[in-house]
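S.K.: Can you keep this structure in mind? I'll have questions shortly.
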Amino acid sequence: FRLPSPFPIPASLTCVLLLPRQYMVLVPFLIHTNVPEKVCIQLTHLNESVTLSATLEYAGENRSLIADVVSEKDVFKCVPFTVPKSSSSSSAFLTVLVKGLTLKFRSRKSVLVKNSESLVFVQTDKPIYKPGQTVLFRIVSLDEDFHPLKEKVGLITDQFPWLTW
């Protein structure tokens, strides 16, 4: 069925488009410990004030990431958080709750929490040394993405007793 090309719309005809209330939660599937991460939440087409909360259940404790009252119709909010290092990598649960007078969204999803690991590189100025030559070296600590870390390497004389200073 095709409408005539210049289809006249009567002045008395009004169109109401009802958009469903929606939400979206963005969080990394893999969360590294001791590294700043972010959780982002978007709420759209709200017609009432709601209470917004996000909780991370990890290592036997609940950490509140967001606890806020939202009165805007549309909102996008990102909140940074850091998970402390644990004895082992494990799964965690992120629970998001949006609650108002007439609506309630609740979502609980599993995420993986992994202890961040650093890579330590020792670099010398030459590949081979002759006896008596001075060894020049540097030690660089990098994260898993090869970004420099602000870690201090302990004194290495205990690890290499054959080195003379």
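Each chain of the structure tokens is named A, B, ... in the order shown, its residues numbered from 1; ligands are numbered from 1 in display order.
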Show me, as a list in words, the residues that have an atom within 7 Å of region 76-78 of chain A when counting only C-alpha atoms, minus same-chain residues fewer than 6 positions from it.

M.R.: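 Non-adjacent residues within range: Lys38, Val39, Cys40, Ile41, Gln42 and Leu43 of chain A.
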
S.K.: Just list as a ChimeraX atom specification whatever in region 3-150 of chain A DSSP marks as strand (DSSP E).

M.R.: /A:22-26,30-32,37-44,50-58,61-70,75-81,90-99,104-114,119-124,137-142

S.K.: Using only C-alpha atoms, pick whichever of A:Ile139, A:Leu52, A:Leu46, A:Leu94 has the shortest atom-to-atom distance to Glu72 (chain A).

M.R.: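 Closest residue, counting only C-alpha atoms: A:Leu46.
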
S.K.: Restricting the calculation to only C-alpha atoms, which member of A:Val120, A:Leu149, A:Ile31, A:Ile128 is positioned closest to Ser91 (chain A)?

M.R.: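 Nearest candidate to Ser91 (chain A) out of A:Val120, A:Leu149, A:Ile31, A:Ile128: A:Ile31.
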
S.K.: Using only C-alpha atoms, which residue out of A:Val140, A:Val113, A:Val135, A:Ala59 lies closest to Asn34 (chain A)?

M.R.: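 With only C-alpha atoms as the atom set, the closest residue is A:Val113.
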
S.K.: Pick out the residues sitting within 10 Å of Ser110 (chain A), and hand them over as a PyMOL selection string; count only C-alpha atoms, and ignore anything fewer than 4 positions along from it in its own chain.

M.R.: chain A and resi 29-30+56-57+91-95

S.K.: If you keep all heavy atoms, can you produce a file of those selected residues as a PDB file, in the first residue's frame?

M.R.:
ATOM      1  N   PHE A  29      34.538  -6.741  31.104  1.00  0.00           N
ATOM      2  CA  PHE A  29      34.320  -8.139  31.495  1.00  0.00           C
ATOM      3  C   PHE A  29      35.458  -8.621  32.387  1.00  0.00           C
ATOM      4  O   PHE A  29      35.260  -9.408  33.290  1.00  0.00           O
ATOM      5  CB  PHE A  29      34.211  -9.027  30.254  1.00  0.00           C
ATOM      6  CG  PHE A  29      34.082 -10.492  30.593  1.00  0.00           C
ATOM      7  CD1 PHE A  29      32.887 -10.974  31.090  1.00  0.00           C
ATOM      8  CD2 PHE A  29      35.146 -11.354  30.433  1.00  0.00           C
ATOM      9  CE1 PHE A  29      32.765 -12.319  31.423  1.00  0.00           C
ATOM     10  CE2 PHE A  29      35.032 -12.690  30.772  1.00  0.00           C
ATOM     11  CZ  PHE A  29      33.842 -13.174  31.259  1.00  0.00           C
ATOM     12  N   LEU A  30      36.673  -8.132  32.121  1.00  0.00           N
ATOM     13  CA  LEU A  30      37.846  -8.477  32.914  1.00  0.00           C
ATOM     14  C   LEU A  30      38.296  -7.234  33.674  1.00  0.00           C
ATOM     15  O   LEU A  30      38.695  -6.246  33.068  1.00  0.00           O
ATOM     16  CB  LEU A  30      38.974  -8.991  32.021  1.00  0.00           C
ATOM     17  CG  LEU A  30      40.293  -9.320  32.700  1.00  0.00           C
ATOM     18  CD1 LEU A  30      40.120 -10.433  33.733  1.00  0.00           C
ATOM     19  CD2 LEU A  30      41.333  -9.728  31.677  1.00  0.00           C
ATOM     20  N   LEU A  56      29.381  -4.064  43.607  1.00  0.00           N
ATOM     21  CA  LEU A  56      30.277  -5.127  43.164  1.00  0.00           C
ATOM     22  C   LEU A  56      30.491  -6.084  44.325  1.00  0.00           C
ATOM     23  O   LEU A  56      30.972  -5.683  45.391  1.00  0.00           O
ATOM     24  CB  LEU A  56      31.622  -4.550  42.704  1.00  0.00           C
ATOM     25  CG  LEU A  56      32.609  -5.551  42.119  1.00  0.00           C
ATOM     26  CD1 LEU A  56      32.112  -6.081  40.782  1.00  0.00           C
ATOM     27  CD2 LEU A  56      33.976  -4.922  41.959  1.00  0.00           C
ATOM     28  N   GLU A  57      30.108  -7.343  44.136  1.00  0.00           N
ATOM     29  CA  GLU A  57      30.294  -8.377  45.139  1.00  0.00           C
ATOM     30  C   GLU A  57      31.587  -9.115  44.782  1.00  0.00           C
ATOM     31  O   GLU A  57      31.649  -9.791  43.765  1.00  0.00           O
ATOM     32  CB  GLU A  57      29.130  -9.356  45.134  1.00  0.00           C
ATOM     33  CG  GLU A  57      27.791  -8.723  45.383  1.00  0.00           C
ATOM     34  CD  GLU A  57      26.656  -9.681  45.076  1.00  0.00           C
ATOM     35  OE1 GLU A  57      26.766 -10.890  45.392  1.00  0.00           O
ATOM     36  OE2 GLU A  57      25.665  -9.220  44.496  1.00  0.00           O
ATOM     37  N   SER A  91      35.759 -14.773  40.197  1.00  0.00           N
ATOM     38  CA  SER A  91      34.660 -14.049  39.588  1.00  0.00           C
ATOM     39  C   SER A  91      34.012 -13.146  40.627  1.00  0.00           C
ATOM     40  O   SER A  91      34.132 -13.356  41.828  1.00  0.00           O
ATOM     41  CB  SER A  91      33.631 -15.024  38.999  1.00  0.00           C
ATOM     42  OG  SER A  91      33.059 -15.789  40.030  1.00  0.00           O
ATOM     43  N   ALA A  92      33.351 -12.147  40.134  1.00  0.00           N
ATOM     44  CA  ALA A  92      32.625 -11.201  40.979  1.00  0.00           C
ATOM     45  C   ALA A  92      31.275 -10.962  40.313  1.00  0.00           C
ATOM     46  O   ALA A  92      31.055 -11.357  39.168  1.00  0.00           O
ATOM     47  CB  ALA A  92      33.409  -9.901  41.119  1.00  0.00           C
ATOM     48  N   PHE A  93      30.383 -10.323  41.047  1.00  0.00           N
ATOM     49  CA  PHE A  93      29.070 -10.017  40.506  1.00  0.00           C
ATOM     50  C   PHE A  93      28.805  -8.529  40.611  1.00  0.00           C
ATOM     51  O   PHE A  93      29.027  -7.930  41.660  1.00  0.00           O
ATOM     52  CB  PHE A  93      27.976 -10.792  41.246  1.00  0.00           C
ATOM     53  CG  PHE A  93      28.041 -12.265  41.014  1.00  0.00           C
ATOM     54  CD1 PHE A  93      28.672 -13.090  41.924  1.00  0.00           C
ATOM     55  CD2 PHE A  93      27.478 -12.825  39.876  1.00  0.00           C
ATOM     56  CE1 PHE A  93      28.748 -14.443  41.708  1.00  0.00           C
ATOM     57  CE2 PHE A  93      27.551 -14.192  39.657  1.00  0.00           C
ATOM     58  CZ  PHE A  93      28.186 -15.007  40.577  1.00  0.00           C
ATOM     59  N   LEU A  94      28.354  -7.959  39.499  1.00  0.00           N
ATOM     60  CA  LEU A  94      27.961  -6.560  39.467  1.00  0.00           C
ATOM     61  C   LEU A  94      26.440  -6.514  39.451  1.00  0.00           C
ATOM     62  O   LEU A  94      25.808  -7.086  38.566  1.00  0.00           O
ATOM     63  CB  LEU A  94      28.519  -5.851  38.229  1.00  0.00           C
ATOM     64  CG  LEU A  94      28.112  -4.390  38.094  1.00  0.00           C
ATOM     65  CD1 LEU A  94      28.834  -3.548  39.144  1.00  0.00           C
ATOM     66  CD2 LEU A  94      28.414  -3.873  36.714  1.00  0.00           C
ATOM     67  N   THR A  95      25.861  -5.868  40.447  1.00  0.00           N
ATOM     68  CA  THR A  95      24.411  -5.736  40.538  1.00  0.00           C
ATOM     69  C   THR A  95      24.041  -4.278  40.366  1.00  0.00           C
ATOM     70  O   THR A  95      24.562  -3.416  41.063  1.00  0.00           O
ATOM     71  CB  THR A  95      23.895  -6.241  41.904  1.00  0.00           C
ATOM     72  OG1 THR A  95      24.320  -7.591  42.090  1.00  0.00           O
ATOM     73  CG2 THR A  95      22.386  -6.182  41.965  1.00  0.00           C
TER      74      THR A  95
END

S.K.: Give me the residues near Phe137 (chain A) as a PDB file with all heavy atoms, in the first residue's frame, where near means some atom within 10 Å (using only C-alpha atoms) and where sequence neighbours in that chain fewer than 6 positions away do not count.

M.R.:
ATOM      1  N   VAL A 122      65.112  -6.359  32.509  1.00  0.00           N
ATOM      2  CA  VAL A 122      66.453  -5.887  32.853  1.00  0.00           C
ATOM      3  C   VAL A 122      67.209  -5.772  31.536  1.00  0.00           C
ATOM      4  O   VAL A 122      67.311  -6.736  30.775  1.00  0.00           O
ATOM      5  CB  VAL A 122      67.176  -6.865  33.811  1.00  0.00           C
ATOM      6  CG1 VAL A 122      68.577  -6.364  34.110  1.00  0.00           C
ATOM      7  CG2 VAL A 122      66.366  -7.051  35.085  1.00  0.00           C
ATOM      8  N   GLN A 123      67.730  -4.573  31.267  1.00  0.00           N
ATOM      9  CA  GLN A 123      68.419  -4.323  30.004  1.00  0.00           C
ATOM     10  C   GLN A 123      69.831  -3.850  30.301  1.00  0.00           C
ATOM     11  O   GLN A 123      70.045  -2.992  31.160  1.00  0.00           O
ATOM     12  CB  GLN A 123      67.656  -3.257  29.219  1.00  0.00           C
ATOM     13  CG  GLN A 123      68.263  -2.952  27.874  1.00  0.00           C
ATOM     14  CD  GLN A 123      67.487  -1.862  27.148  1.00  0.00           C
ATOM     15  OE1 GLN A 123      66.822  -1.042  27.770  1.00  0.00           O
ATOM     16  NE2 GLN A 123      67.569  -1.872  25.834  1.00  0.00           N
ATOM     17  N   THR A 124      70.797  -4.434  29.604  1.00  0.00           N
ATOM     18  CA  THR A 124      72.194  -4.022  29.767  1.00  0.00           C
ATOM     19  C   THR A 124      72.630  -3.227  28.539  1.00  0.00           C
ATOM     20  O   THR A 124      71.985  -3.259  27.502  1.00  0.00           O
ATOM     21  CB  THR A 124      73.116  -5.253  29.932  1.00  0.00           C
ATOM     22  OG1 THR A 124      73.000  -6.081  28.769  1.00  0.00           O
ATOM     23  CG2 THR A 124      72.748  -6.049  31.174  1.00  0.00           C
ATOM     24  N   ASP A 125      73.747  -2.523  28.685  1.00  0.00           N
ATOM     25  CA  ASP A 125      74.222  -1.707  27.582  1.00  0.00           C
ATOM     26  C   ASP A 125      74.980  -2.510  26.532  1.00  0.00           C
ATOM     27  O   ASP A 125      75.177  -2.043  25.423  1.00  0.00           O
ATOM     28  CB  ASP A 125      75.086  -0.540  28.095  1.00  0.00           C
ATOM     29  CG  ASP A 125      76.368  -1.003  28.752  1.00  0.00           C
ATOM     30  OD1 ASP A 125      76.341  -2.080  29.394  1.00  0.00           O
ATOM     31  OD2 ASP A 125      77.377  -0.303  28.649  1.00  0.00           O
ATOM     32  N   LYS A 126      75.422  -3.743  26.875  1.00  0.00           N
ATOM     33  CA  LYS A 126      76.132  -4.598  25.917  1.00  0.00           C
ATOM     34  C   LYS A 126      75.643  -6.030  26.063  1.00  0.00           C
ATOM     35  O   LYS A 126      75.270  -6.441  27.156  1.00  0.00           O
ATOM     36  CB  LYS A 126      77.640  -4.609  26.207  1.00  0.00           C
ATOM     37  CG  LYS A 126      78.361  -3.316  26.034  1.00  0.00           C
ATOM     38  CD  LYS A 126      79.845  -3.586  26.194  1.00  0.00           C
ATOM     39  CE  LYS A 126      80.513  -2.438  26.920  1.00  0.00           C
ATOM     40  NZ  LYS A 126      81.926  -2.676  27.094  1.00  0.00           N
TER      41      LYS A 126
END
